[in-house]
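Trainee: Input work.cif, format and content: mmCIF, C-alpha atoms and all ligand atoms.
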```
data_work
loop_
_atom_site.label_atom_id
_atom_site.label_comp_id
_atom_site.auth_asym_id
_atom_site.auth_seq_id
_atom_site.Cartn_x
_atom_site.Cartn_y
_atom_site.Cartn_z
CA MET B 8 -8.30 4.96 12.31
CA GLU B 9 -11.86 4.55 13.53
CA ARG B 10 -13.23 1.07 12.89
CA THR B 11 -16.97 0.60 12.63
CA LEU B 12 -17.10 -2.31 10.29
CA VAL B 13 -19.70 -4.83 11.37
CA ASN B 14 -22.90 -2.85 11.00
CA THR B 15 -25.70 -4.87 9.48
CA THR B 16 -28.08 -1.94 9.22
CA ILE B 17 -26.12 0.67 7.36
CA LYS B 18 -27.72 3.99 6.59
CA THR B 19 -27.40 4.99 2.97
CA ALA B 20 -29.77 7.96 2.66
CA LYS B 21 -27.19 10.28 1.11
CA SER B 22 -25.96 7.64 -1.32
CA GLN B 23 -29.54 7.07 -2.43
CA GLU B 24 -30.23 10.76 -2.85
CA ILE B 25 -27.10 11.36 -4.92
CA PHE B 26 -27.57 8.27 -7.06
CA THR B 27 -31.21 9.13 -7.72
CA ALA B 28 -30.14 12.56 -8.95
CA ALA B 29 -27.33 11.00 -11.01
CA GLN B 30 -29.79 8.89 -12.96
CA ASN B 31 -31.29 12.05 -14.46
CA LEU B 32 -27.91 13.42 -15.35
CA MET B 33 -25.96 10.46 -16.73
CA PRO B 34 -27.15 7.26 -18.44
CA GLY B 35 -27.85 4.83 -15.61
CA GLY B 36 -26.40 7.36 -13.20
CA VAL B 37 -22.83 6.25 -13.82
CA SER B 38 -19.74 6.80 -15.94
CA SER B 39 -19.19 3.06 -16.49
CA PRO B 40 -21.95 0.40 -16.47
CA VAL B 41 -20.92 -2.14 -13.80
CA ARG B 42 -20.85 0.60 -11.16
CA ALA B 43 -24.67 0.77 -11.25
CA PHE B 44 -25.01 -2.59 -9.38
CA LYS B 45 -27.47 -3.87 -12.01
CA SER B 46 -26.30 -7.45 -11.74
CA VAL B 47 -26.43 -7.65 -7.94
CA GLY B 48 -29.55 -5.57 -7.34
CA GLY B 49 -29.93 -2.70 -4.94
CA GLN B 50 -28.33 0.69 -5.29
CA PRO B 51 -24.65 1.49 -5.45
CA ILE B 52 -23.05 3.31 -2.57
CA VAL B 53 -21.66 6.70 -3.49
CA PHE B 54 -18.03 7.13 -2.53
CA ASP B 55 -16.67 10.04 -0.57
CA ARG B 56 -13.01 9.08 0.00
CA VAL B 57 -10.59 6.19 -0.10
CA ASN B 58 -7.51 5.34 1.94
CA GLY B 59 -5.39 2.20 2.18
CA ALA B 60 -7.65 -0.86 2.05
CA TYR B 61 -10.75 1.17 2.91
CA ILE B 62 -13.43 3.27 1.34
CA TRP B 63 -15.96 5.59 2.95
CA ASP B 64 -19.31 6.40 1.43
CA VAL B 65 -21.11 9.73 1.62
CA ASP B 66 -23.05 8.47 4.66
CA ASN B 67 -19.69 7.87 6.33
CA ASN B 68 -19.90 4.07 6.37
CA GLN B 69 -16.52 2.38 6.13
CA TYR B 70 -15.87 -0.68 3.97
CA ILE B 71 -12.96 -3.02 3.33
CA ASP B 72 -12.45 -2.68 -0.41
CA TYR B 73 -11.77 -5.62 -2.75
CA VAL B 74 -12.24 -3.68 -5.97
CA GLY B 75 -9.33 -1.27 -5.65
CA THR B 76 -10.76 1.02 -8.34
CA TRP B 77 -10.81 -2.12 -10.57
CA GLY B 78 -7.15 -2.90 -10.09
CA PRO B 79 -4.91 0.16 -9.95
CA ALA B 80 -4.89 0.47 -6.14
CA ILE B 81 -2.44 -2.41 -5.57
CA CYS B 82 -0.39 -0.37 -3.06
CA GLY B 83 -3.56 0.69 -1.28
CA HIS B 84 -5.66 3.74 -2.05
CA ALA B 85 -4.13 7.20 -1.78
CA HIS B 86 -0.71 5.89 -0.81
CA PRO B 87 1.06 8.80 0.92
CA GLU B 88 4.13 8.51 -1.33
CA VAL B 89 2.02 8.54 -4.49
CA ILE B 90 0.05 11.53 -3.23
CA ALA B 91 3.27 13.36 -2.30
CA ALA B 92 4.80 12.67 -5.71
CA LEU B 93 1.63 13.95 -7.37
CA HIS B 94 1.74 17.15 -5.29
CA GLY B 95 5.27 17.71 -6.56
CA ALA B 96 4.29 17.04 -10.15
CA LEU B 97 1.22 19.32 -9.95
CA GLU B 98 3.44 22.31 -9.22
CA LYS B 99 4.99 21.85 -12.65
CA GLY B 100 1.68 21.69 -14.50
CA THR B 101 -0.86 19.09 -15.45
CA SER B 102 -0.17 18.41 -19.12
CA PHE B 103 2.68 19.09 -21.51
CA GLY B 104 1.66 17.55 -24.83
CA ALA B 105 5.41 17.30 -25.45
CA PRO B 106 8.25 14.94 -24.51
CA SER B 107 9.15 14.70 -20.83
CA LEU B 108 11.77 12.85 -18.81
CA LEU B 109 8.98 11.19 -16.82
CA GLU B 110 7.95 9.19 -19.90
CA ASN B 111 11.49 7.84 -20.27
CA ILE B 112 11.56 6.81 -16.62
CA LEU B 113 8.26 4.92 -16.72
CA ALA B 114 9.07 3.44 -20.14
CA GLU B 115 12.37 2.09 -18.80
CA MET B 116 10.65 0.64 -15.76
CA VAL B 117 8.06 -1.11 -17.93
CA ILE B 118 10.70 -2.41 -20.37
CA ASP B 119 12.85 -3.70 -17.49
CA ALA B 120 9.89 -5.41 -15.84
CA VAL B 121 7.86 -6.89 -18.70
CA LYS B 122 9.87 -9.45 -20.70
CA SER B 123 8.08 -9.04 -24.02
CA VAL B 124 8.33 -5.26 -24.01
CA GLU B 125 11.33 -3.76 -25.83
CA MET B 126 9.57 -0.52 -26.71
CA VAL B 127 6.38 0.99 -25.33
CA ARG B 128 3.78 3.60 -26.31
CA PHE B 129 1.69 5.29 -23.60
CA VAL B 130 -2.00 5.98 -24.09
CA ASN B 131 -4.83 6.96 -21.72
CA SER B 132 -6.76 3.75 -21.10
CA GLY B 133 -6.71 0.01 -21.55
CA THR B 134 -9.35 0.34 -24.25
CA GLU B 135 -7.07 2.60 -26.25
CA ALA B 136 -4.12 0.27 -25.79
CA CYS B 137 -6.08 -2.71 -27.12
CA MET B 138 -7.49 -0.75 -30.08
CA ALA B 139 -4.01 0.34 -31.04
CA VAL B 140 -2.46 -3.08 -30.62
CA LEU B 141 -5.09 -4.58 -32.92
CA ARG B 142 -4.23 -2.11 -35.68
CA LEU B 143 -0.56 -2.90 -35.17
CA MET B 144 -1.15 -6.68 -35.32
CA ARG B 145 -2.91 -6.26 -38.64
CA ALA B 146 -0.35 -3.86 -40.07
CA PHE B 147 2.61 -6.03 -39.13
CA THR B 148 1.19 -9.29 -40.49
CA GLY B 149 -0.80 -7.88 -43.40
CA ARG B 150 -3.73 -10.00 -42.19
CA ASP B 151 -7.14 -8.85 -40.94
CA LYS B 152 -8.54 -11.63 -38.77
CA ILE B 153 -7.90 -12.02 -35.07
CA ILE B 154 -8.87 -14.59 -32.47
CA LYS B 155 -10.20 -13.57 -29.07
CA PHE B 156 -11.71 -15.70 -26.32
CA GLU B 157 -15.24 -15.81 -25.05
CA GLY B 158 -15.50 -13.86 -21.81
CA CYS B 159 -12.24 -11.95 -22.32
CA TYR B 160 -12.62 -8.18 -22.27
CA HIS B 161 -10.29 -5.94 -24.23
CA GLY B 162 -12.02 -2.61 -23.78
CA HIS B 163 -15.10 -1.29 -25.56
CA ALA B 164 -13.80 -0.82 -29.11
CA ASP B 165 -16.11 -2.16 -31.85
CA MET B 166 -13.83 -4.99 -32.97
CA PHE B 167 -13.70 -6.55 -29.52
CA LEU B 168 -17.41 -6.37 -28.66
CA VAL B 169 -18.15 -9.85 -29.84
CA LYS B 170 -20.14 -12.60 -28.22
CA ALA B 171 -19.13 -16.10 -29.17
CA GLY B 172 -21.89 -18.31 -30.49
CA SER B 173 -22.48 -21.85 -29.35
CA GLY B 174 -20.35 -24.66 -30.70
CA VAL B 175 -16.61 -24.75 -31.02
CA ALA B 176 -16.15 -21.31 -32.46
CA THR B 177 -18.11 -18.96 -34.64
CA LEU B 178 -17.73 -15.80 -36.59
CA GLY B 179 -18.35 -12.89 -34.28
CA LEU B 180 -21.69 -11.17 -34.13
CA PRO B 181 -21.74 -7.74 -32.52
CA ASP B 182 -22.48 -7.71 -28.79
CA SER B 183 -23.94 -4.21 -28.75
CA PRO B 184 -26.27 -2.21 -30.97
CA GLY B 185 -24.26 0.36 -32.88
CA VAL B 186 -21.44 -2.02 -33.67
CA PRO B 187 -21.66 -2.73 -37.41
CA LYS B 188 -21.27 -6.33 -38.51
CA SER B 189 -18.45 -5.15 -40.73
CA ALA B 190 -16.49 -4.20 -37.60
CA THR B 191 -16.58 -7.71 -36.16
CA VAL B 192 -16.53 -10.04 -39.18
CA ASN B 193 -12.80 -10.42 -38.68
CA THR B 194 -13.08 -11.21 -34.98
CA LEU B 195 -13.04 -14.97 -34.45
CA THR B 196 -13.83 -16.37 -31.03
CA ALA B 197 -12.96 -19.52 -29.16
CA PRO B 198 -13.66 -20.76 -25.64
CA PHE B 199 -10.86 -20.01 -23.17
CA ASN B 200 -8.59 -22.97 -22.43
CA ASP B 201 -9.62 -24.70 -25.69
CA LEU B 202 -6.56 -25.21 -27.91
CA GLU B 203 -8.48 -27.49 -30.29
CA ALA B 204 -10.86 -24.66 -31.11
CA VAL B 205 -7.94 -22.33 -31.76
CA LEU B 206 -6.26 -24.88 -34.02
CA ALA B 207 -9.47 -25.37 -35.97
CA LEU B 208 -9.78 -21.62 -36.52
CA PHE B 209 -6.22 -21.44 -37.81
CA GLU B 210 -6.88 -24.32 -40.19
CA GLN B 211 -10.12 -22.81 -41.48
CA ASN B 212 -8.49 -19.41 -41.97
CA ARG B 213 -5.03 -20.24 -43.32
CA ASP B 214 -2.70 -17.24 -43.64
CA GLU B 215 -5.54 -14.91 -42.68
CA ILE B 216 -5.12 -14.63 -38.92
CA ALA B 217 -3.00 -11.74 -37.67
CA GLY B 218 -2.87 -13.06 -34.13
CA VAL B 219 -4.43 -14.17 -30.91
CA ILE B 220 -5.26 -11.75 -28.07
CA LEU B 221 -6.19 -12.89 -24.59
CA GLU B 222 -6.21 -12.15 -20.91
CA PRO B 223 -3.55 -14.68 -19.81
CA ILE B 224 -5.57 -15.02 -16.62
CA VAL B 225 -9.18 -14.08 -17.20
CA GLY B 226 -10.53 -11.43 -14.86
CA ASN B 227 -13.48 -10.14 -16.84
CA ALA B 228 -15.57 -13.31 -16.67
CA GLY B 229 -14.75 -13.79 -13.03
CA PHE B 230 -11.34 -15.20 -12.16
CA ILE B 231 -10.35 -18.04 -14.53
CA ALA B 232 -6.79 -19.37 -14.61
CA PRO B 233 -5.22 -20.86 -17.74
CA ASP B 234 -5.01 -24.66 -17.75
CA ALA B 235 -1.53 -26.17 -17.79
CA GLY B 236 -0.20 -26.02 -21.34
CA PHE B 237 -2.78 -23.55 -22.68
CA LEU B 238 -0.51 -20.52 -22.93
CA GLU B 239 2.36 -22.70 -24.19
CA GLY B 240 0.05 -24.13 -26.83
CA LEU B 241 -1.00 -20.68 -28.01
CA ARG B 242 2.64 -19.66 -28.24
CA GLU B 243 3.41 -22.67 -30.43
CA ILE B 244 0.35 -22.39 -32.66
CA THR B 245 0.87 -18.68 -33.34
CA HIS B 246 4.55 -19.29 -34.15
CA GLU B 247 3.68 -22.06 -36.57
CA HIS B 248 1.16 -19.91 -38.40
CA GLY B 249 3.19 -16.71 -38.56
CA ALA B 250 0.67 -15.00 -36.29
CA LEU B 251 1.27 -12.77 -33.27
CA LEU B 252 0.49 -13.62 -29.66
CA VAL B 253 -0.80 -10.69 -27.63
CA PHE B 254 -1.27 -10.75 -23.87
CA ASP B 255 -3.76 -8.20 -22.63
CA GLU B 256 -2.16 -7.57 -19.24
CA VAL B 257 -4.18 -4.44 -18.50
CA MET B 258 -5.44 -6.24 -15.39
CA THR B 259 -2.67 -8.75 -14.69
CA GLY B 260 0.34 -6.52 -15.38
CA PHE B 261 2.27 -5.74 -12.17
CA ARG B 262 -0.48 -7.56 -10.25
CA ILE B 263 0.20 -11.26 -10.86
CA ALA B 264 3.92 -10.61 -10.54
CA TYR B 265 6.05 -7.51 -11.11
CA GLY B 266 6.58 -8.80 -14.65
CA GLY B 267 2.91 -9.75 -15.06
CA ALA B 268 1.37 -13.08 -16.03
CA GLN B 269 4.09 -13.57 -18.66
CA GLU B 270 6.67 -13.69 -15.87
CA LYS B 271 4.51 -15.98 -13.76
CA PHE B 272 3.98 -18.49 -16.58
CA GLY B 273 7.24 -17.96 -18.46
CA ILE B 274 5.53 -17.37 -21.81
CA ILE B 275 6.71 -14.39 -23.83
CA PRO B 276 4.07 -12.90 -26.14
CA ASP B 277 4.97 -10.68 -29.10
CA LEU B 278 2.97 -7.72 -27.82
CA THR B 279 1.48 -6.74 -24.48
CA THR B 280 -1.13 -4.23 -23.42
CA LEU B 281 -1.01 -2.61 -19.99
CA GLY B 282 -3.09 -0.19 -17.93
CA LYS B 283 -4.62 -0.03 -14.46
CA VAL B 284 -1.62 -0.52 -12.09
CA ILE B 285 0.86 1.35 -14.33
CA GLY B 286 -1.20 4.50 -13.90
CA GLY B 287 -1.25 4.29 -10.12
CA GLY B 288 -4.89 5.46 -10.13
CA LEU B 289 -4.59 8.01 -12.94
CA PRO B 290 -5.77 7.36 -16.50
CA VAL B 291 -3.05 5.39 -18.32
CA GLY B 292 -2.74 2.58 -20.78
CA ALA B 293 0.25 1.30 -22.71
CA TYR B 294 1.18 -1.19 -25.37
CA GLY B 295 4.56 -2.56 -26.17
CA GLY B 296 6.50 -5.49 -27.46
CA ARG B 297 9.12 -6.54 -29.96
CA ARG B 298 11.19 -3.67 -31.29
CA ASP B 299 10.65 -4.67 -34.94
CA ILE B 300 6.88 -4.58 -34.45
CA MET B 301 6.74 -1.43 -32.31
CA SER B 302 8.96 0.39 -34.83
CA MET B 303 5.96 0.40 -37.15
CA ILE B 304 4.18 2.91 -34.93
CA ALA B 305 4.13 6.55 -36.11
CA PRO B 306 6.25 8.57 -36.30
CA ALA B 307 8.89 5.80 -36.43
CA GLY B 308 6.70 3.93 -38.92
CA PRO B 309 3.43 4.21 -40.85
CA VAL B 310 0.88 2.90 -38.30
CA TYR B 311 -0.98 5.93 -36.97
CA GLN B 312 -1.85 6.36 -33.30
CA ALA B 313 -1.82 9.55 -31.22
CA GLY B 314 -3.14 11.19 -28.03
CA THR B 315 -3.36 14.75 -26.69
CA LEU B 316 -2.96 13.72 -23.04
CA SER B 317 -0.86 10.59 -23.63
CA GLY B 318 2.18 10.35 -21.35
CA ASN B 319 0.93 13.26 -19.28
CA PRO B 320 3.12 14.13 -16.29
CA LEU B 321 0.59 13.36 -13.53
CA ALA B 322 -0.18 9.88 -14.83
CA MET B 323 3.51 9.15 -15.42
CA THR B 324 4.34 10.31 -11.89
CA ALA B 325 1.68 8.17 -10.23
CA GLY B 326 2.79 5.19 -12.33
CA ILE B 327 6.48 5.61 -11.54
CA LYS B 328 5.88 5.90 -7.80
CA THR B 329 3.50 2.93 -7.77
CA LEU B 330 6.00 0.70 -9.57
CA GLU B 331 8.77 1.87 -7.23
CA LEU B 332 6.66 0.89 -4.23
CA LEU B 333 5.95 -2.51 -5.78
CA GLN B 334 9.66 -3.30 -6.13
CA LYS B 335 10.13 -3.83 -2.40
CA SER B 336 11.03 -7.46 -1.86
CA GLY B 337 8.41 -9.67 -0.28
CA ASN B 338 5.48 -7.69 -1.69
CA TYR B 339 4.18 -10.33 -4.05
CA GLU B 340 4.67 -13.08 -1.49
CA TYR B 341 2.60 -11.03 0.94
CA LEU B 342 -0.14 -10.40 -1.63
CA ASP B 343 -0.28 -14.09 -2.48
CA LYS B 344 -0.41 -15.07 1.19
CA ILE B 345 -3.28 -12.81 2.23
CA THR B 346 -5.26 -13.48 -0.95
CA LYS B 347 -4.90 -17.24 -0.52
CA LYS B 348 -6.05 -16.89 3.06
CA LEU B 349 -9.11 -15.05 1.78
CA THR B 350 -10.09 -17.51 -0.97
CA ASP B 351 -9.29 -20.62 1.09
CA GLY B 352 -11.43 -19.17 3.86
CA LEU B 353 -14.33 -18.29 1.56
CA LEU B 354 -14.35 -21.76 -0.02
CA LYS B 355 -14.22 -23.45 3.37
CA ILE B 356 -17.10 -21.35 4.67
CA ALA B 357 -19.14 -22.04 1.51
CA GLN B 358 -18.60 -25.75 2.01
CA GLU B 359 -19.48 -25.64 5.70
CA THR B 360 -22.63 -23.63 5.05
CA GLY B 361 -23.74 -25.91 2.22
CA HIS B 362 -23.18 -23.75 -0.87
CA ALA B 363 -21.77 -25.09 -4.12
CA ALA B 364 -18.80 -22.84 -4.86
CA CYS B 365 -15.43 -22.82 -6.53
CA GLY B 366 -12.75 -20.26 -7.05
CA GLY B 367 -9.15 -19.42 -6.55
CA GLN B 368 -6.46 -16.79 -6.71
CA ILE B 369 -3.08 -16.02 -8.13
CA SER B 370 -1.15 -13.31 -6.34
CA ALA B 371 -3.47 -10.35 -5.71
CA MET B 372 -6.31 -11.41 -8.03
CA PHE B 373 -9.11 -13.74 -6.95
CA GLY B 374 -12.60 -15.01 -7.63
CA LEU B 375 -15.44 -17.04 -6.16
CA PHE B 376 -18.20 -18.59 -8.27
CA PHE B 377 -21.41 -19.95 -6.79
CA THR B 378 -21.24 -23.12 -8.85
CA GLN B 379 -19.69 -26.51 -8.22
CA GLY B 380 -17.14 -25.97 -10.97
CA PRO B 381 -14.48 -26.44 -12.03
CA VAL B 382 -14.62 -23.30 -14.18
CA HIS B 383 -12.36 -23.42 -17.24
CA ASN B 384 -14.18 -20.92 -19.44
CA TYR B 385 -17.07 -18.49 -19.66
CA GLU B 386 -19.64 -21.23 -20.36
CA ASP B 387 -18.68 -22.87 -17.07
CA ALA B 388 -18.74 -19.53 -15.26
CA LYS B 389 -22.25 -18.81 -16.53
CA LYS B 390 -23.55 -21.83 -14.57
CA SER B 391 -23.09 -19.75 -11.41
CA ASP B 392 -26.09 -18.94 -9.24
CA THR B 393 -26.08 -15.20 -9.93
CA PRO B 394 -29.13 -14.36 -7.76
CA LYS B 395 -27.28 -16.00 -4.87
CA PHE B 396 -24.20 -13.96 -5.66
CA GLY B 397 -26.38 -10.85 -5.59
CA ARG B 398 -27.67 -11.72 -2.10
CA PHE B 399 -24.13 -12.51 -0.96
CA HIS B 400 -22.89 -9.20 -2.32
CA ARG B 401 -25.62 -7.23 -0.57
CA GLY B 402 -25.05 -9.04 2.74
CA MET B 403 -21.33 -8.36 2.58
CA LEU B 404 -21.93 -4.70 1.75
CA GLU B 405 -24.18 -4.37 4.77
CA ARG B 406 -21.35 -5.78 6.87
CA GLY B 407 -18.78 -3.34 5.57
CA ILE B 408 -17.22 -5.42 2.81
CA TYR B 409 -17.12 -3.99 -0.71
CA LEU B 410 -16.88 -6.69 -3.38
CA ALA B 411 -17.07 -6.19 -7.14
CA PRO B 412 -20.80 -5.85 -7.92
CA SER B 413 -20.92 -8.77 -10.38
CA GLN B 414 -20.36 -12.51 -10.29
CA PHE B 415 -18.28 -12.05 -13.42
CA GLU B 416 -15.60 -9.71 -12.11
CA ALA B 417 -12.36 -10.67 -10.40
CA GLY B 418 -11.54 -9.37 -6.93
CA PHE B 419 -8.38 -7.53 -5.96
CA THR B 420 -6.33 -7.25 -2.80
CA SER B 421 -3.63 -4.71 -2.04
CA LEU B 422 -0.53 -4.28 0.07
CA ALA B 423 -2.67 -2.25 2.46
CA HIS B 424 -4.92 -5.20 3.32
CA THR B 425 -3.97 -6.76 6.66
CA GLU B 426 -4.54 -10.26 7.98
CA GLU B 427 -7.05 -8.66 10.32
CA ASP B 428 -8.97 -7.26 7.35
CA ILE B 429 -9.10 -10.76 5.88
CA ASP B 430 -10.32 -12.18 9.22
CA ARG B 431 -13.07 -9.56 9.41
CA THR B 432 -14.05 -10.33 5.84
CA LEU B 433 -14.29 -14.06 6.53
CA GLU B 434 -16.31 -13.39 9.68
CA ALA B 435 -18.78 -11.38 7.61
CA ALA B 436 -18.83 -14.07 4.91
CA ARG B 437 -19.68 -16.78 7.44
CA ASP B 438 -22.51 -14.66 8.76
CA VAL B 439 -23.88 -13.94 5.28
CA MET B 440 -23.48 -17.46 3.85
CA SER B 441 -25.18 -18.99 6.89
CA GLY B 442 -28.29 -17.04 5.98
CA LEU B 443 -28.20 -17.31 2.19
C1 LIG F 501 -9.88 -2.96 -17.70
C2 LIG F 501 -9.45 -3.74 -18.87
C3 LIG F 501 -9.40 -3.19 -20.16
C4 LIG F 501 -9.90 -1.81 -20.46
O1 LIG F 501 -9.19 -0.82 -19.79
P1 LIG F 501 -9.89 0.63 -19.56
O2 LIG F 501 -8.80 1.43 -18.93
O3 LIG F 501 -11.07 0.38 -18.68
O4 LIG F 501 -10.27 1.14 -20.90
C5 LIG F 501 -8.88 -3.95 -21.17
N1 LIG F 501 -8.45 -5.20 -20.96
C6 LIG F 501 -8.49 -5.77 -19.75
C7 LIG F 501 -7.98 -7.15 -19.56
C8 LIG F 501 -9.01 -5.07 -18.66
O5 LIG F 501 -9.10 -5.66 -17.47
#
```
Starting from the file, lay out its structure as C-alpha cells.
Mentor:
Amino acid sequence: MERTLVNTTIKTAKSQEIFTAAQNLMPGGVSSPVRAFKSVGGQPIVFDRVNGAYIWDVDNNQYIDYVGTWGPAICGHAHPEVIAALHGALEKGTSFGAPSLLENILAEMVIDAVKSVEMVRFVNSGTEACMAVLRLMRAFTGRDKIIKFEGCYHGHADMFLVKAGSGVATLGLPDSPGVPKSATVNTLTAPFNDLEAVLALFEQNRDEIAGVILEPIVGNAGFIAPDAGFLEGLREITHEHGALLVFDEVMTGFRIAYGGAQEKFGIIPDLTTLGKVIGGGLPVGAYGGRRDIMSMIAPAGPVYQAGTLSGNPLAMTAGIKTLELLQKSGNYEYLDKITKKLTDGLLKIAQETGHAACGGQISAMFGLFFTQGPVHNYEDAKKSDTPKFGRFHRGMLERGIYLAPSQFEAGFTSLAHTEEDIDRTLEAARDVMSGL
C-alpha cells in the first residue's frame, strides 16, 4: 500500500468543490451534523474509499482514521471477510421483510456475548433502539419518568433531547426547537458520576421513575469513564426503587470488551441497547434484556415496535462476520495495548509541549481533552479549550490523521491499526502541538 502520510500542504480542491455543491442540496451539506466540521472550523474532507485503518479523500490524500465510521469499523474498514460475506448475501437479495436464519444466528451471538441480554429485537439504528427501549421501560414499570445523564447521547428522539440545567438536577427543557415541552417533562437529568443527584431525583419522584439510562462509559461528551462505584450504585438504587437500569451500549458494545462495558465492569443492567459494531458497517440497532421484560414486545406482548428493513439479511451478515472476527483471542488485549500507547503518547507530548490536557482510554475507545481535568462529567469536559482543539484537529488532518471533528466525541481504534500507525500519529501530534 502506498504511504504518503506526512504532507502538511494537502490539496483539497475536489473535496471543497463537492462540499460546496452539497450545501445547496442538503442542510449543511451533510446527512448528520457533526460531519460538517462546524466545531473545529474549516471544511470537511469528502471521502472516496476506506480500507483497514485508512481513508482516502476525493483528492486522493490518505489518512489514518480514528473515527471508524463512528465506531462500527472495529475490525478495520472493508475487512475482506466482511466484504466477501456481503457478496454472498447479496446474491440472495437485499431485503426479505420476513424471518431468516441469519437473524437467529446474530441473535444467538448477541445473547451469548452480552450478559444482560436473554432476548433481542433488531432495529435499524441506535436511535431506534433507544426510542423502543424507553417505551418498554415505561410499559414494564407503569411509570413515565426516566433519568438520563448530562452529556449522554441516546439518539435524536424527542424524549432524549434534553439539556440539563445548572444545579444538581432539573426537569428537562428541550434541547432543540421542534421538541415539545410535553415530550421532555418526564426526562430527568443528573450529572454523570453523581450518585447523590440520582438519589435525590428518586426521592423527589417516588414510585414515578421507570428507570435510568446511561452510556456506561460516556463517548458522546468526549471520553468519560465511570468513577469507581458509580455503576454499582446505580444498580443498587434502581433495584431499591423498583426501577430499571438500562445501559446504552450502542457505542461500547463489542468495543470495550466482547461482552461490552457490562462485562468489563461486571454490572448487569436490565436492558441494553446496541448498534454500531453489531452492524459491521451496515445500518443496525438492537435492544435486549431480561426475558420477562422483552416478552412484552409485540407480537409476544402488547408493546408495539416494528420495522420494514429490521433484521435485513445484509446487515445481519455484516454483523455476524464482524462478531466472528472479534472472537479471535488476543484481539481486545491488542486493542487495549495500541490505544493505551496512543493516549499515553498524546498526554506525554501535551505535557512536554506545555498544553493542559487530560484523557484516557478503555480498550478501543479513547479521548483527549484540552483541559487540566480531571473530567468526571460534561461540566468538566466543557472547560476544554475548544478553539485549541480545533487547531489541533486541523493540524492533524493536514498531516494525514483523521480525528473526530469535535472535542466532545470519543476516538476509536481498530484491529487494523498497527504500532507503526500509532507512531506516525504521535509524530504528527508532536509536530502540531509544538506549534499550537
Ligand atoms: C451512536 C449512538 C446512538 C445513536 O445511534 P444511531 O445509529 O446514530 O442512531 C445512541 N446511543 C449511543 C451511546 C451512541 O453512541
Trainee: Provide the atom CA of B:Pro184 to atom CA of B:Val219 distance in Å, to one decimal place.
Mentor: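 Between atom CA of B:Pro184 and atom CA of B:Val219 the gap is 24.9 Å.
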Trainee: Of the residues B:Cys365, B:Ile327, B:Ile244, B:Ala417, which is the one nearest to ligand LIG 501 (chain F), using all atoms listed in the file?
Mentor: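 Closest to ligand LIG 501 (chain F), using all atoms listed in the file: B:Ala417.
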Trainee: Which residues form the shell of 9 Å around ligand LIG 501 (chain F) when you count all atoms listed in the file, given as a ChimeraX atom specification?
Mentor: /B:39,77-78,131-137,159-163,221-227,254-259,280-283,290-292
Trainee: Store the residues of this selection in a file with C-alpha atoms, as a compact mmCIF listing (two decimals), keeping the file's coordinate frame.
Mentor:
```txt
# COMPACT_ATOMS: atom_id res chain seq x y z
CA SER B 39 -19.19 3.06 -16.49
CA TRP B 77 -10.81 -2.12 -10.57
CA GLY B 78 -7.15 -2.90 -10.09
CA ASN B 131 -4.83 6.96 -21.72
CA SER B 132 -6.76 3.75 -21.10
CA GLY B 133 -6.71 0.01 -21.55
CA THR B 134 -9.35 0.34 -24.25
CA GLU B 135 -7.07 2.60 -26.25
CA ALA B 136 -4.12 0.27 -25.79
CA CYS B 137 -6.08 -2.71 -27.12
CA CYS B 159 -12.24 -11.95 -22.32
CA TYR B 160 -12.62 -8.18 -22.27
CA HIS B 161 -10.29 -5.94 -24.23
CA GLY B 162 -12.02 -2.61 -23.78
CA HIS B 163 -15.10 -1.29 -25.56
CA LEU B 221 -6.19 -12.89 -24.59
CA GLU B 222 -6.21 -12.15 -20.91
CA PRO B 223 -3.55 -14.68 -19.81
CA ILE B 224 -5.57 -15.02 -16.62
CA VAL B 225 -9.18 -14.08 -17.20
CA GLY B 226 -10.53 -11.43 -14.86
CA ASN B 227 -13.48 -10.14 -16.84
CA PHE B 254 -1.27 -10.75 -23.87
CA ASP B 255 -3.76 -8.20 -22.63
CA GLU B 256 -2.16 -7.57 -19.24
CA VAL B 257 -4.18 -4.44 -18.50
CA MET B 258 -5.44 -6.24 -15.39
CA THR B 259 -2.67 -8.75 -14.69
CA THR B 280 -1.13 -4.23 -23.42
CA LEU B 281 -1.01 -2.61 -19.99
CA GLY B 282 -3.09 -0.19 -17.93
CA LYS B 283 -4.62 -0.03 -14.46
CA PRO B 290 -5.77 7.36 -16.50
CA VAL B 291 -3.05 5.39 -18.32
CA GLY B 292 -2.74 2.58 -20.78
```
Trainee: Within 9 Å of B:Ser413, counting all atoms listed in the file, which residues qualify if same-chain residues fewer than 6 places away don't, as a VMD selection string?
Mentor: chain B and resid 41 44 to 47 229 393 396 to 397 400
Trainee: If you measure from atom CA of B:Arg398 to atom CA of B:Leu443, what distance in Å do you get, rounded to one decimal?
Mentor: 7.1 Å
Trainee: I'd like to know which of B:Arg56, B:Ile275, B:Arg128, B:Lys347 is closest to B:Pro306, using only C-alpha atoms.
Mentor: B:Arg128
Trainee: Counting all atoms listed in the file, which residue out of B:Gln69, B:Gln368, B:Asn384, B:Thr432 sits closest to B:Ile263?
Mentor: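 The shortest atom-to-atom distance to B:Ile263 comes from B:Gln368.
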Trainee: Write out as a short mmCIF file (atom, residue, chain, number, x, y, z; two decimals) with C-alpha atoms, keeping the file's coordinate frame the residues lying within 12 Å of B:Gly402, counting all atoms listed in the file and excluding same-chain residues fewer than 5 positions away.
Mentor:
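Produced file result-v4.cif, reproduced below:
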```
data_model
loop_
_atom_site.label_atom_id
_atom_site.label_comp_id
_atom_site.auth_asym_id
_atom_site.auth_seq_id
_atom_site.Cartn_x
_atom_site.Cartn_y
_atom_site.Cartn_z
CA VAL B 13 -19.70 -4.83 11.37
CA ASN B 14 -22.90 -2.85 11.00
CA THR B 15 -25.70 -4.87 9.48
CA THR B 16 -28.08 -1.94 9.22
CA ILE B 17 -26.12 0.67 7.36
CA VAL B 47 -26.43 -7.65 -7.94
CA GLY B 48 -29.55 -5.57 -7.34
CA GLY B 49 -29.93 -2.70 -4.94
CA LYS B 395 -27.28 -16.00 -4.87
CA PHE B 396 -24.20 -13.96 -5.66
CA GLY B 397 -26.38 -10.85 -5.59
CA GLY B 407 -18.78 -3.34 5.57
CA ILE B 408 -17.22 -5.42 2.81
CA TYR B 409 -17.12 -3.99 -0.71
CA LEU B 410 -16.88 -6.69 -3.38
CA PRO B 412 -20.80 -5.85 -7.92
CA THR B 432 -14.05 -10.33 5.84
CA GLU B 434 -16.31 -13.39 9.68
CA ALA B 435 -18.78 -11.38 7.61
CA ALA B 436 -18.83 -14.07 4.91
CA ARG B 437 -19.68 -16.78 7.44
CA ASP B 438 -22.51 -14.66 8.76
CA VAL B 439 -23.88 -13.94 5.28
CA MET B 440 -23.48 -17.46 3.85
CA SER B 441 -25.18 -18.99 6.89
CA GLY B 442 -28.29 -17.04 5.98
CA LEU B 443 -28.20 -17.31 2.19
#
```
